[in-house]
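The data block below is my_file_3.cif; it holds mmCIF, C-alpha atoms and all ligand atoms.
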```cif
data_final
loop_
_atom_site.label_atom_id
_atom_site.label_comp_id
_atom_site.auth_asym_id
_atom_site.auth_seq_id
_atom_site.Cartn_x
_atom_site.Cartn_y
_atom_site.Cartn_z
CA MET A 997 -8.59 -15.39 10.78
CA ALA A 998 -12.18 -16.53 11.40
CA LEU A 999 -13.17 -14.98 8.09
CA LEU A 1000 -10.34 -16.80 6.33
CA VAL A 1001 -11.42 -20.16 7.80
CA ARG A 1002 -15.04 -19.47 6.88
CA SER A 1003 -14.17 -18.57 3.29
CA CYS A 1004 -12.10 -21.73 3.01
CA ILE A 1005 -15.03 -24.02 3.89
CA PRO A 1006 -16.71 -23.92 0.46
CA ILE A 1007 -13.36 -24.67 -1.20
CA LEU A 1008 -12.74 -27.55 1.20
CA THR A 1009 -16.24 -28.87 0.53
CA LEU A 1010 -15.62 -28.64 -3.21
CA LEU A 1011 -12.28 -30.46 -2.89
CA LEU A 1012 -13.88 -33.16 -0.74
CA GLY A 1013 -16.64 -33.55 -3.30
CA LEU A 1014 -14.12 -33.87 -6.14
CA PHE A 1015 -12.13 -36.40 -4.11
CA SER A 1016 -15.14 -38.62 -3.49
CA ALA A 1017 -16.22 -38.34 -7.15
CA VAL A 1018 -12.78 -39.59 -8.21
CA LYS A 1019 -12.95 -42.32 -5.57
CA GLY A 1020 -16.39 -43.33 -6.93
CA ALA A 1021 -15.00 -43.62 -10.45
CA ALA A 1022 -12.06 -45.64 -9.16
CA ALA A 1023 -14.43 -48.00 -7.36
CA GLN A 1024 -16.23 -48.64 -10.66
CA ARG A 1025 -13.11 -49.33 -12.74
CA PRO A 1026 -10.46 -50.13 -10.20
CA LEU A 1027 -6.95 -50.51 -11.56
CA SER A 1028 -5.27 -53.58 -10.13
CA LYS A 1029 -2.00 -53.49 -8.21
CA GLY A 1030 -0.06 -54.83 -11.23
CA CYS A 1031 -0.99 -51.84 -13.43
CA THR A 1032 2.38 -50.14 -12.92
CA THR A 1033 4.48 -53.23 -13.74
CA PRO A 1034 5.80 -53.26 -17.33
CA HIS A 1035 6.00 -56.54 -19.34
CA ASN A 1036 8.00 -56.82 -22.54
CA TRP A 1037 6.15 -59.83 -23.97
CA ALA A 1038 2.80 -58.36 -25.04
CA GLY A 1039 1.23 -60.50 -27.78
CA GLN A 1040 2.79 -63.69 -26.39
CA THR A 1041 1.85 -66.56 -24.07
CA ARG A 1042 4.04 -67.62 -21.13
CA GLU A 1043 3.83 -70.33 -18.48
CA PHE A 1044 4.20 -69.81 -14.73
CA SER A 1045 3.49 -71.73 -11.52
CA PHE A 1046 2.94 -71.05 -7.83
CA GLU A 1047 1.97 -72.88 -4.65
CA SER A 1048 -1.74 -73.14 -3.83
CA SER A 1049 -4.33 -75.78 -2.96
CA GLY A 1050 -3.18 -79.00 -4.66
CA GLY A 1051 0.54 -78.11 -4.54
CA THR A 1052 2.48 -76.48 -7.38
CA ARG A 1053 -0.11 -75.15 -9.80
CA SER A 1054 0.77 -74.01 -13.31
CA TYR A 1055 -0.97 -71.84 -15.87
CA ARG A 1056 -0.42 -70.27 -19.27
CA ILE A 1057 -1.10 -66.56 -19.66
CA HIS A 1058 -1.58 -64.64 -22.90
CA LEU A 1059 -1.16 -60.85 -23.02
CA PRO A 1060 -2.84 -59.10 -25.96
CA SER A 1061 -0.43 -57.08 -28.13
CA SER A 1062 -2.23 -53.93 -26.91
CA TYR A 1063 -1.09 -54.69 -23.33
CA ALA A 1064 0.40 -51.58 -21.67
CA VAL A 1065 1.21 -50.16 -18.25
CA ASN A 1066 -1.81 -48.46 -16.62
CA LYS A 1067 -4.24 -49.74 -19.27
CA ALA A 1068 -6.66 -52.03 -17.45
CA LEU A 1069 -7.84 -54.97 -19.55
CA PRO A 1070 -10.46 -57.64 -18.89
CA LEU A 1071 -9.25 -61.00 -17.54
CA LEU A 1072 -10.58 -64.36 -18.76
CA ILE A 1073 -9.84 -67.62 -16.92
CA ALA A 1074 -10.30 -70.62 -19.27
CA TYR A 1075 -10.60 -74.08 -17.64
CA HIS A 1076 -9.80 -77.09 -19.88
CA GLY A 1077 -11.82 -80.32 -19.80
CA SER A 1078 -10.83 -83.48 -17.89
CA GLY A 1079 -7.67 -85.06 -19.35
CA ASN A 1080 -6.91 -81.98 -21.43
CA ASN A 1081 -4.20 -79.37 -20.76
CA PRO A 1082 -3.69 -75.58 -21.08
CA THR A 1083 -1.61 -75.76 -24.29
CA LYS A 1084 -4.18 -77.82 -26.19
CA PHE A 1085 -7.08 -75.80 -24.80
CA GLU A 1086 -5.43 -72.55 -25.88
CA THR A 1087 -5.20 -73.93 -29.44
CA GLU A 1088 -8.76 -75.35 -29.44
CA THR A 1089 -10.46 -72.21 -28.12
CA ARG A 1090 -8.29 -69.67 -30.04
CA PHE A 1091 -8.74 -67.27 -27.12
CA SER A 1092 -5.12 -66.13 -27.68
CA ASP A 1093 -5.93 -65.35 -31.33
CA GLU A 1094 -6.59 -61.62 -31.56
CA SER A 1095 -9.07 -62.04 -34.40
CA VAL A 1096 -11.25 -63.94 -31.86
CA ASN A 1097 -10.33 -62.19 -28.61
CA PRO A 1098 -8.54 -58.87 -29.21
CA ASP A 1099 -8.20 -57.28 -25.80
CA THR A 1100 -8.54 -59.76 -22.96
CA ILE A 1101 -5.73 -61.14 -20.80
CA THR A 1102 -6.42 -64.89 -21.00
CA VAL A 1103 -5.22 -67.37 -18.39
CA TYR A 1104 -5.35 -71.14 -18.98
CA PRO A 1105 -4.79 -72.91 -15.65
CA ALA A 1106 -3.94 -76.63 -15.36
CA GLY A 1107 -6.08 -78.94 -13.22
CA VAL A 1108 -4.39 -81.32 -10.76
CA LYS A 1109 -3.89 -84.57 -12.78
CA GLY A 1110 -5.97 -82.90 -15.50
CA ASN A 1111 -9.15 -82.60 -13.42
CA TRP A 1112 -11.17 -79.93 -11.60
CA GLN A 1113 -13.02 -80.10 -8.29
CA GLY A 1114 -16.58 -81.48 -8.45
CA PRO A 1115 -16.76 -84.98 -9.97
CA THR A 1116 -15.88 -88.13 -7.97
CA TYR A 1117 -12.78 -88.61 -10.16
CA ALA A 1118 -11.25 -85.24 -9.12
CA GLU A 1119 -8.17 -85.33 -6.85
CA PRO A 1120 -9.45 -85.55 -3.23
CA GLY A 1121 -8.75 -82.56 -0.99
CA VAL A 1122 -7.94 -80.11 -3.79
CA SER A 1123 -9.90 -76.85 -3.63
CA ASP A 1124 -9.90 -75.32 -7.08
CA LEU A 1125 -12.06 -72.57 -5.58
CA VAL A 1126 -9.17 -71.54 -3.31
CA PHE A 1127 -6.72 -72.01 -6.19
CA THR A 1128 -8.89 -69.76 -8.41
CA THR A 1129 -8.98 -66.95 -5.85
CA ASP A 1130 -5.18 -67.25 -5.37
CA LEU A 1131 -4.72 -67.23 -9.16
CA VAL A 1132 -6.94 -64.20 -9.80
CA ASN A 1133 -5.21 -62.27 -6.98
CA ARG A 1134 -1.81 -63.20 -8.40
CA ILE A 1135 -2.77 -62.02 -11.90
CA LYS A 1136 -4.19 -58.74 -10.50
CA ASP A 1137 -0.97 -58.19 -8.53
CA ASN A 1138 1.26 -58.71 -11.55
CA TYR A 1139 -0.75 -57.40 -14.52
CA CYS A 1140 -3.09 -54.53 -15.27
CA VAL A 1141 -6.59 -55.96 -14.82
CA ASP A 1142 -9.96 -54.19 -14.98
CA GLN A 1143 -11.28 -55.71 -11.75
CA SER A 1144 -14.89 -55.21 -12.81
CA ARG A 1145 -14.33 -57.44 -15.88
CA VAL A 1146 -13.02 -60.79 -14.68
CA TYR A 1147 -14.64 -63.72 -16.54
CA ALA A 1148 -14.66 -67.52 -16.42
CA THR A 1149 -15.16 -70.02 -19.24
CA GLY A 1150 -14.39 -73.69 -19.61
CA HIS A 1151 -15.16 -76.99 -21.31
CA SER A 1152 -16.80 -80.10 -19.84
CA ASN A 1153 -15.32 -80.71 -16.32
CA GLY A 1154 -13.75 -77.21 -16.58
CA ALA A 1155 -17.14 -75.77 -17.58
CA GLY A 1156 -18.80 -77.56 -14.67
CA PHE A 1157 -16.21 -75.98 -12.41
CA THR A 1158 -17.16 -72.48 -13.63
CA GLY A 1159 -20.68 -73.43 -12.45
CA THR A 1160 -19.22 -74.41 -9.06
CA LEU A 1161 -17.51 -71.01 -8.96
CA ALA A 1162 -20.73 -69.17 -9.87
CA CYS A 1163 -22.48 -71.00 -7.02
CA SER A 1164 -19.79 -70.12 -4.47
CA PRO A 1165 -20.54 -67.12 -2.23
CA GLU A 1166 -16.86 -66.87 -1.17
CA HIS A 1167 -15.10 -67.41 -4.52
CA GLY A 1168 -17.58 -66.51 -7.27
CA GLY A 1169 -18.27 -62.86 -6.47
CA GLN A 1170 -15.09 -61.52 -8.09
CA PHE A 1171 -16.35 -62.65 -11.52
CA ALA A 1172 -18.53 -60.51 -13.78
CA ALA A 1173 -19.91 -63.34 -15.97
CA PHE A 1174 -19.56 -67.07 -16.73
CA ALA A 1175 -19.57 -69.06 -19.98
CA PRO A 1176 -19.42 -72.85 -19.57
CA VAL A 1177 -19.43 -74.96 -22.77
CA SER A 1178 -20.63 -78.62 -22.70
CA GLY A 1179 -20.83 -78.21 -18.94
CA ALA A 1180 -20.54 -81.15 -16.53
CA PHE A 1181 -22.46 -79.66 -13.61
CA TYR A 1182 -21.74 -82.33 -10.98
CA THR A 1183 -21.97 -79.85 -8.09
CA ASP A 1184 -25.33 -78.31 -9.10
CA VAL A 1185 -27.61 -81.25 -9.83
CA LYS A 1186 -30.75 -80.38 -7.91
CA GLY A 1187 -32.40 -77.34 -6.36
CA ASP A 1188 -30.16 -74.79 -4.69
CA GLU A 1189 -28.53 -76.95 -1.99
CA ASN A 1190 -25.05 -76.38 -3.43
CA CYS A 1191 -25.66 -73.03 -5.02
CA HIS A 1192 -25.49 -69.73 -3.15
CA PRO A 1193 -24.30 -67.14 -5.69
CA ALA A 1194 -22.50 -64.08 -4.32
CA ARG A 1195 -25.06 -61.82 -6.01
CA SER A 1196 -28.13 -61.87 -8.22
CA PRO A 1197 -28.32 -61.58 -11.17
CA LEU A 1198 -25.10 -63.28 -12.31
CA PRO A 1199 -24.67 -63.36 -16.12
CA MET A 1200 -24.51 -66.95 -17.39
CA PHE A 1201 -24.04 -68.51 -20.85
CA GLU A 1202 -24.10 -72.20 -21.73
CA ALA A 1203 -23.67 -74.03 -25.06
CA HIS A 1204 -24.34 -77.77 -25.39
CA GLY A 1205 -24.66 -80.35 -28.16
CA THR A 1206 -27.76 -82.55 -28.20
CA ALA A 1207 -25.65 -85.55 -29.31
CA ASP A 1208 -23.09 -85.19 -26.51
CA PRO A 1209 -22.40 -88.80 -25.40
CA ILE A 1210 -20.15 -87.79 -22.44
CA ILE A 1211 -22.29 -85.12 -20.76
CA PRO A 1212 -25.79 -85.88 -22.10
CA TYR A 1213 -28.03 -82.92 -22.87
CA ASN A 1214 -30.80 -84.56 -20.88
CA GLY A 1215 -28.63 -85.40 -17.89
CA GLY A 1216 -28.25 -88.77 -16.18
CA LYS A 1217 -25.25 -90.65 -14.94
CA GLY A 1218 -21.84 -89.18 -15.80
CA ARG A 1219 -18.36 -90.61 -15.17
CA GLY A 1220 -18.10 -88.38 -12.07
CA GLY A 1221 -21.62 -88.75 -10.64
CA PRO A 1222 -25.19 -87.65 -11.42
CA LEU A 1223 -25.65 -84.81 -13.91
CA PRO A 1224 -28.58 -82.40 -14.28
CA SER A 1225 -30.36 -82.07 -17.60
CA ILE A 1226 -29.29 -78.83 -19.27
CA PRO A 1227 -32.86 -77.43 -19.54
CA TYR A 1228 -33.36 -78.08 -15.79
CA TRP A 1229 -29.99 -76.50 -14.91
CA LEU A 1230 -30.93 -73.46 -17.02
CA SER A 1231 -34.32 -73.22 -15.30
CA ARG A 1232 -32.50 -73.02 -11.94
CA TRP A 1233 -30.35 -70.13 -13.20
CA ALA A 1234 -33.44 -68.43 -14.67
CA GLN A 1235 -34.93 -68.47 -11.18
CA ARG A 1236 -31.69 -67.42 -9.40
CA ASN A 1237 -31.26 -64.59 -11.90
CA GLN A 1238 -34.83 -63.24 -11.61
CA CYS A 1239 -35.49 -63.94 -15.29
CA THR A 1240 -38.96 -63.14 -16.52
CA THR A 1241 -39.19 -63.85 -20.26
CA SER A 1242 -37.17 -65.72 -22.86
CA SER A 1243 -37.11 -65.93 -26.63
CA THR A 1244 -35.43 -68.38 -28.99
CA LYS A 1245 -33.93 -67.56 -32.36
CA ASP A 1246 -33.02 -70.33 -34.79
CA LEU A 1247 -29.56 -69.80 -36.25
CA PRO A 1248 -28.13 -71.72 -39.25
CA ASN A 1249 -27.02 -75.40 -38.90
CA GLY A 1250 -29.52 -76.36 -36.19
CA VAL A 1251 -28.34 -73.94 -33.52
CA HIS A 1252 -31.05 -72.56 -31.22
CA ASP A 1253 -30.16 -69.36 -29.38
CA THR A 1254 -32.28 -68.68 -26.27
CA LYS A 1255 -31.94 -65.40 -24.39
CA TRP A 1256 -33.65 -64.63 -21.11
CA THR A 1257 -34.43 -61.17 -19.73
CA CYS A 1258 -33.36 -61.20 -16.09
CA ALA A 1259 -33.79 -58.43 -13.51
CA GLY A 1260 -34.52 -56.18 -16.50
CA VAL A 1261 -31.34 -57.06 -18.43
CA ASP A 1262 -31.80 -58.62 -21.90
CA GLY A 1263 -29.68 -61.69 -22.58
CA LEU A 1264 -28.27 -61.99 -19.06
CA LEU A 1265 -28.93 -65.73 -19.27
CA ARG A 1266 -28.26 -67.31 -22.68
CA HIS A 1267 -28.16 -70.83 -24.06
CA LEU A 1268 -27.07 -72.24 -27.41
CA LYS A 1269 -28.58 -75.66 -28.08
CA ILE A 1270 -26.60 -77.28 -30.89
CA ASP A 1271 -28.56 -80.01 -32.69
CA GLY A 1272 -26.47 -83.12 -33.33
CA HIS A 1273 -23.27 -81.73 -31.84
CA ASN A 1274 -21.00 -84.04 -29.84
CA HIS A 1275 -18.83 -83.28 -26.79
CA SER A 1276 -16.11 -81.31 -28.63
CA TRP A 1277 -15.46 -77.56 -28.21
CA PRO A 1278 -17.47 -76.18 -31.16
CA GLY A 1279 -14.90 -74.72 -33.55
CA LYS A 1280 -14.67 -73.42 -37.10
CA LYS A 1281 -15.75 -76.77 -38.59
CA SER A 1282 -18.71 -77.21 -36.22
CA GLU A 1283 -22.31 -76.05 -36.49
CA ILE A 1284 -21.22 -72.81 -34.84
CA ASP A 1285 -17.82 -71.33 -33.97
CA ILE A 1286 -18.42 -70.85 -30.26
CA SER A 1287 -15.33 -68.86 -29.17
CA PRO A 1288 -16.34 -65.47 -30.69
CA VAL A 1289 -19.83 -65.94 -29.18
CA VAL A 1290 -18.31 -66.59 -25.73
CA ILE A 1291 -16.21 -63.41 -25.98
CA GLU A 1292 -19.19 -61.37 -27.24
CA PHE A 1293 -21.37 -62.58 -24.36
CA LEU A 1294 -18.81 -62.05 -21.58
CA SER A 1295 -17.63 -58.65 -22.86
CA ALA A 1296 -21.11 -57.19 -22.47
CA PHE A 1297 -20.97 -57.49 -18.67
CA HIS A 1298 -19.06 -55.86 -15.88
CA LYS A 1299 -19.37 -56.43 -12.16
CA PRO A 1300 -21.66 -53.81 -10.58
C1 LIG B 1 -17.24 -84.01 -32.96
O1 LIG B 1 -17.75 -83.13 -33.92
C2 LIG B 1 -16.76 -82.42 -34.64
C3 LIG B 1 -17.47 -81.43 -35.55
O2 LIG B 1 -18.21 -80.51 -34.80
C4 LIG B 1 -15.87 -83.38 -35.40
O3 LIG B 1 -14.86 -82.68 -36.08
C5 LIG B 1 -15.27 -84.40 -34.44
O4 LIG B 1 -14.56 -85.36 -35.16
C6 LIG B 1 -16.34 -85.06 -33.60
N1 LIG B 1 -15.70 -85.85 -32.57
C7 LIG B 1 -16.05 -87.10 -32.31
C8 LIG B 1 -15.31 -87.76 -31.19
O5 LIG B 1 -16.91 -87.67 -32.92
#
```
Give the structure from this file in structure tokens form.
Ligand SMILES: *[C@@H]1O[C@H](CO)[C@@H](O)[C@H](O)[C@H]1NC(C)=O
Amino acid sequence: MALLVRSCIPILTLLLGLFSAVKGAAAQRPLSKGCTTPHNWAGQTREFSFESSGGTRSYRIHLPSSYAVNKALPLLIAYHGSGNNPTKFETETRFSDESVNPDTITVYPAGVKGNWQGPTYAEPGVSDLVFTTDLVNRIKDNYCVDQSRVYATGHSNGAGFTGTLACSPEHGGQFAAFAPVSGAFYTDVKGDENCHPARSPLPMFEAHGTADPIIPYNGGKGRGGPLPSIPYWLSRWAQRNQCTTSSTKDLPNGVHDTKWTCAGVDGLLRHLKIDGHNHSWPGKKSEIDISPVVIEFLSAFHKP
């Protein structure tokens, strides 16, 4: 009997080792709770709502045509600008177009009265941070999400809100990377008083037109309060992200692409300065078609 027990120990140790190896792999690429739920509308966009901060909150969700049970896909939350809505933003960004974004579940939430938390004009008392955490949990519970690849992008007020998220220790840590476009960074104007990221480094991309009359490239007074200049805001993230060097490449049509190396990772912080561009989401007719660049940037990162 004693001999039997003793000869079993190496086998038990081996099994335990295998078990923890599998657990380790699962911790890296955890399948979300919704992975076993089938959906018969892959390739389409649907609209849903639920109760959260601000009352009944609605969102559009697009499933790529490759969507399948037990196949974890990245999740992108795309926040529209002030006064815009999910339907128009889906069309503008083309994030539901598989030639732009082939394999990401994309969610377009609606702001309360068309706005997001941060500027003075936002609906008082609404926490879009709480709403975002509720939304991401809901999507993970109902769809198959790669929990290490949850991303946020947005335009203008929605872009500024992705900055608010990145600065939130309680609500930002579930995201792998952020990509605000024409960002209105009302909650991150100076220093680090309002910015305590959940981890460092935190991959960050920003694109901004130098002729933006709504959210000026050089900062100043916005409709919702003071705004930082974009170079200053970037310098804050360069410091938060332990960036050491940067280099700028000039692309066609007056687009300047700056990439920083941060904590040893090339391009972890990136900025596209678009000469002469206004406040619009840069599309096919603009100096650069920004949506494929946003997807390329985000896709390179997963949460450690
Ligand atoms: C902004 O620029 C785009 C081209 O990038 C142009 O199509 C659009 O009309 C401009 N919008 C305004 C309000 O000037």
Counting only C-alpha atoms and all ligand atoms, what are the residues of chain A within 9 Å of ligand LIG 1 (chain B), and for each of them which pair of atoms is the nearest and at what distance in Å, to one decimal? Sort the table by chain and rising number, as a tab-separated table.
```
residue	atom	partner	partner_atom	distance
A:Asp1208	CA	B:LIG1	C1	8.8
A:Gly1272	CA	B:LIG1	O1	8.7
A:His1273	CA	B:LIG1	O2	6.0
A:Asn1274	CA	B:LIG1	C1	4.9
A:His1275	CA	B:LIG1	C1	6.4
A:Ser1276	CA	B:LIG1	C1	5.2
A:Trp1277	CA	B:LIG1	O2	7.7
A:Pro1278	CA	B:LIG1	O2	5.7
A:Gly1279	CA	B:LIG1	O2	6.8
A:Lys1280	CA	B:LIG1	O2	8.3
A:Lys1281	CA	B:LIG1	C3	5.8
A:Ser1282	CA	B:LIG1	O2	3.6
A:Glu1283	CA	B:LIG1	O2	6.3
A:Ile1284	CA	B:LIG1	O2	8.3
```
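Nearest to Lys1186 of chain A of all the residues A:Ile1210, A:Val1126, A:Ile1226, A:Leu1198 is A:Ile1226, counting all atoms listed in the file.
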- Which residue gives the smallest distance to Tyr1075 of chain A among A:Gly1114, A:Gly1250, A:Gly1154, A:Pro1288, with all atoms listed in the file counted? A:Gly1154
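Checking A:Gln1143, A:Ser1295, A:Gln1040, A:Thr1240 one by one against Leu1027 of chain A, counting only C-alpha atoms, you find the shortest gap at A:Gln1143.
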- Message: as a PyMOL selection string, please: the residues near segment 1291-1293 of chain A (cut-off 12 Å, all atoms listed in the file, same-chain neighbours under 5 positions excluded).
- Response: chain A and resi 1070-1074+1089-1102+1145+1147-1149+1172-1176+1199-1203+1255+1262-1268+1285-1286+1298
May I have the residues from that selection written out with C-alpha atoms, as a PDB file, keeping the file's coordinate frame?
```
ATOM      1  CA  PRO A1070     -10.460 -57.640 -18.890  1.00  0.00           C
ATOM      2  CA  LEU A1071      -9.250 -61.000 -17.540  1.00  0.00           C
ATOM      3  CA  LEU A1072     -10.580 -64.360 -18.760  1.00  0.00           C
ATOM      4  CA  ILE A1073      -9.840 -67.620 -16.920  1.00  0.00           C
ATOM      5  CA  ALA A1074     -10.300 -70.620 -19.270  1.00  0.00           C
ATOM      6  CA  THR A1089     -10.460 -72.210 -28.120  1.00  0.00           C
ATOM      7  CA  ARG A1090      -8.290 -69.670 -30.040  1.00  0.00           C
ATOM      8  CA  PHE A1091      -8.740 -67.270 -27.120  1.00  0.00           C
ATOM      9  CA  SER A1092      -5.120 -66.130 -27.680  1.00  0.00           C
ATOM     10  CA  ASP A1093      -5.930 -65.350 -31.330  1.00  0.00           C
ATOM     11  CA  GLU A1094      -6.590 -61.620 -31.560  1.00  0.00           C
ATOM     12  CA  SER A1095      -9.070 -62.040 -34.400  1.00  0.00           C
ATOM     13  CA  VAL A1096     -11.250 -63.940 -31.860  1.00  0.00           C
ATOM     14  CA  ASN A1097     -10.330 -62.190 -28.610  1.00  0.00           C
ATOM     15  CA  PRO A1098      -8.540 -58.870 -29.210  1.00  0.00           C
ATOM     16  CA  ASP A1099      -8.200 -57.280 -25.800  1.00  0.00           C
ATOM     17  CA  THR A1100      -8.540 -59.760 -22.960  1.00  0.00           C
ATOM     18  CA  ILE A1101      -5.730 -61.140 -20.800  1.00  0.00           C
ATOM     19  CA  THR A1102      -6.420 -64.890 -21.000  1.00  0.00           C
ATOM     20  CA  ARG A1145     -14.330 -57.440 -15.880  1.00  0.00           C
ATOM     21  CA  TYR A1147     -14.640 -63.720 -16.540  1.00  0.00           C
ATOM     22  CA  ALA A1148     -14.660 -67.520 -16.420  1.00  0.00           C
ATOM     23  CA  THR A1149     -15.160 -70.020 -19.240  1.00  0.00           C
ATOM     24  CA  ALA A1172     -18.530 -60.510 -13.780  1.00  0.00           C
ATOM     25  CA  ALA A1173     -19.910 -63.340 -15.970  1.00  0.00           C
ATOM     26  CA  PHE A1174     -19.560 -67.070 -16.730  1.00  0.00           C
ATOM     27  CA  ALA A1175     -19.570 -69.060 -19.980  1.00  0.00           C
ATOM     28  CA  PRO A1176     -19.420 -72.850 -19.570  1.00  0.00           C
ATOM     29  CA  PRO A1199     -24.670 -63.360 -16.120  1.00  0.00           C
ATOM     30  CA  MET A1200     -24.510 -66.950 -17.390  1.00  0.00           C
ATOM     31  CA  PHE A1201     -24.040 -68.510 -20.850  1.00  0.00           C
ATOM     32  CA  GLU A1202     -24.100 -72.200 -21.730  1.00  0.00           C
ATOM     33  CA  ALA A1203     -23.670 -74.030 -25.060  1.00  0.00           C
ATOM     34  CA  LYS A1255     -31.940 -65.400 -24.390  1.00  0.00           C
ATOM     35  CA  ASP A1262     -31.800 -58.620 -21.900  1.00  0.00           C
ATOM     36  CA  GLY A1263     -29.680 -61.690 -22.580  1.00  0.00           C
ATOM     37  CA  LEU A1264     -28.270 -61.990 -19.060  1.00  0.00           C
ATOM     38  CA  LEU A1265     -28.930 -65.730 -19.270  1.00  0.00           C
ATOM     39  CA  ARG A1266     -28.260 -67.310 -22.680  1.00  0.00           C
ATOM     40  CA  HIS A1267     -28.160 -70.830 -24.060  1.00  0.00           C
ATOM     41  CA  LEU A1268     -27.070 -72.240 -27.410  1.00  0.00           C
ATOM     42  CA  ASP A1285     -17.820 -71.330 -33.970  1.00  0.00           C
ATOM     43  CA  ILE A1286     -18.420 -70.850 -30.260  1.00  0.00           C
ATOM     44  CA  HIS A1298     -19.060 -55.860 -15.880  1.00  0.00           C
TER      45      HIS A1298
END
```
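Between atom CA of Gly1156 of chain A and atom CA of Thr1083 of chain A the interatomic distance comes to 19.8 Å.
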- Message: I'd like the neighbourhood of Trp1229 of chain A as number ranges by chain, where a residue qualifies if any of its atoms comes within 8 Å (using all atoms listed in the file), though same-chain residues fewer than 5 positions away should be ignored.
- Response: A: 1184-1185, 1224
- Item | Nearest residue to Ser1144 of chain A from the set A:Ala1162, A:Ile1211, A:Leu1247, A:Leu1069 (distances using all atoms listed in the file) | A:Leu1069
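When atom CA of Ser1078 of chain A is paired with atom CA of Lys1136 of chain A, their separation reads 26.7 Å.
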- Query: Counting all atoms listed in the file, what is within 9 Å of segment 1033-1038 of chain A, bar same-chain residues fewer than 5 positions away, as a VMD selection string?
  - Reply: chain A and resid 1058 to 1066 1138 to 1140
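Shortest atom-to-atom contact with Pro1115 of chain A among A:Pro1300, A:Gly1179, A:Gly1150, A:Gly1221: A:Gly1221, counting only C-alpha atoms.
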- Calculate how many Å separate atom CA of Phe1085 of chain A from atom CA of Leu1223 of chain A, rounding to one decimal. 23.3 Å
- Neighbours of Tyr1055 of chain A within 8 Å (all atoms listed in the file; same-chain residues fewer than 3 positions away dropped), as a VMD selection string? chain A and resid 1043 to 1045 1082 1103 to 1106
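Between Ser1152 of chain A and the residues A:Arg1195, A:Arg1219, A:His1167, A:Arg1232, the shortest atom-to-atom distance, using all atoms listed in the file, involves A:Arg1219.
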- Query: How would you write as an MDAnalysis selection string the residues that get within 7 Å of (-28.9, -80.0, -29.2) in the file's frame, counting all atoms listed in the file?
  - Reply: chainID A and resid 1204:1207 1269:1273
For segment 1093-1101 of chain A, I'd like the enclosing box, axis-aligned and padded by 6 Å on every side, reported as JSON with centre and edge lengths in Å to one decimal.
```
{"center_x": -8.5, "center_y": -61.3, "center_z": -27.6, "size_x": 17.5, "size_y": 20.1, "size_z": 25.6}
```
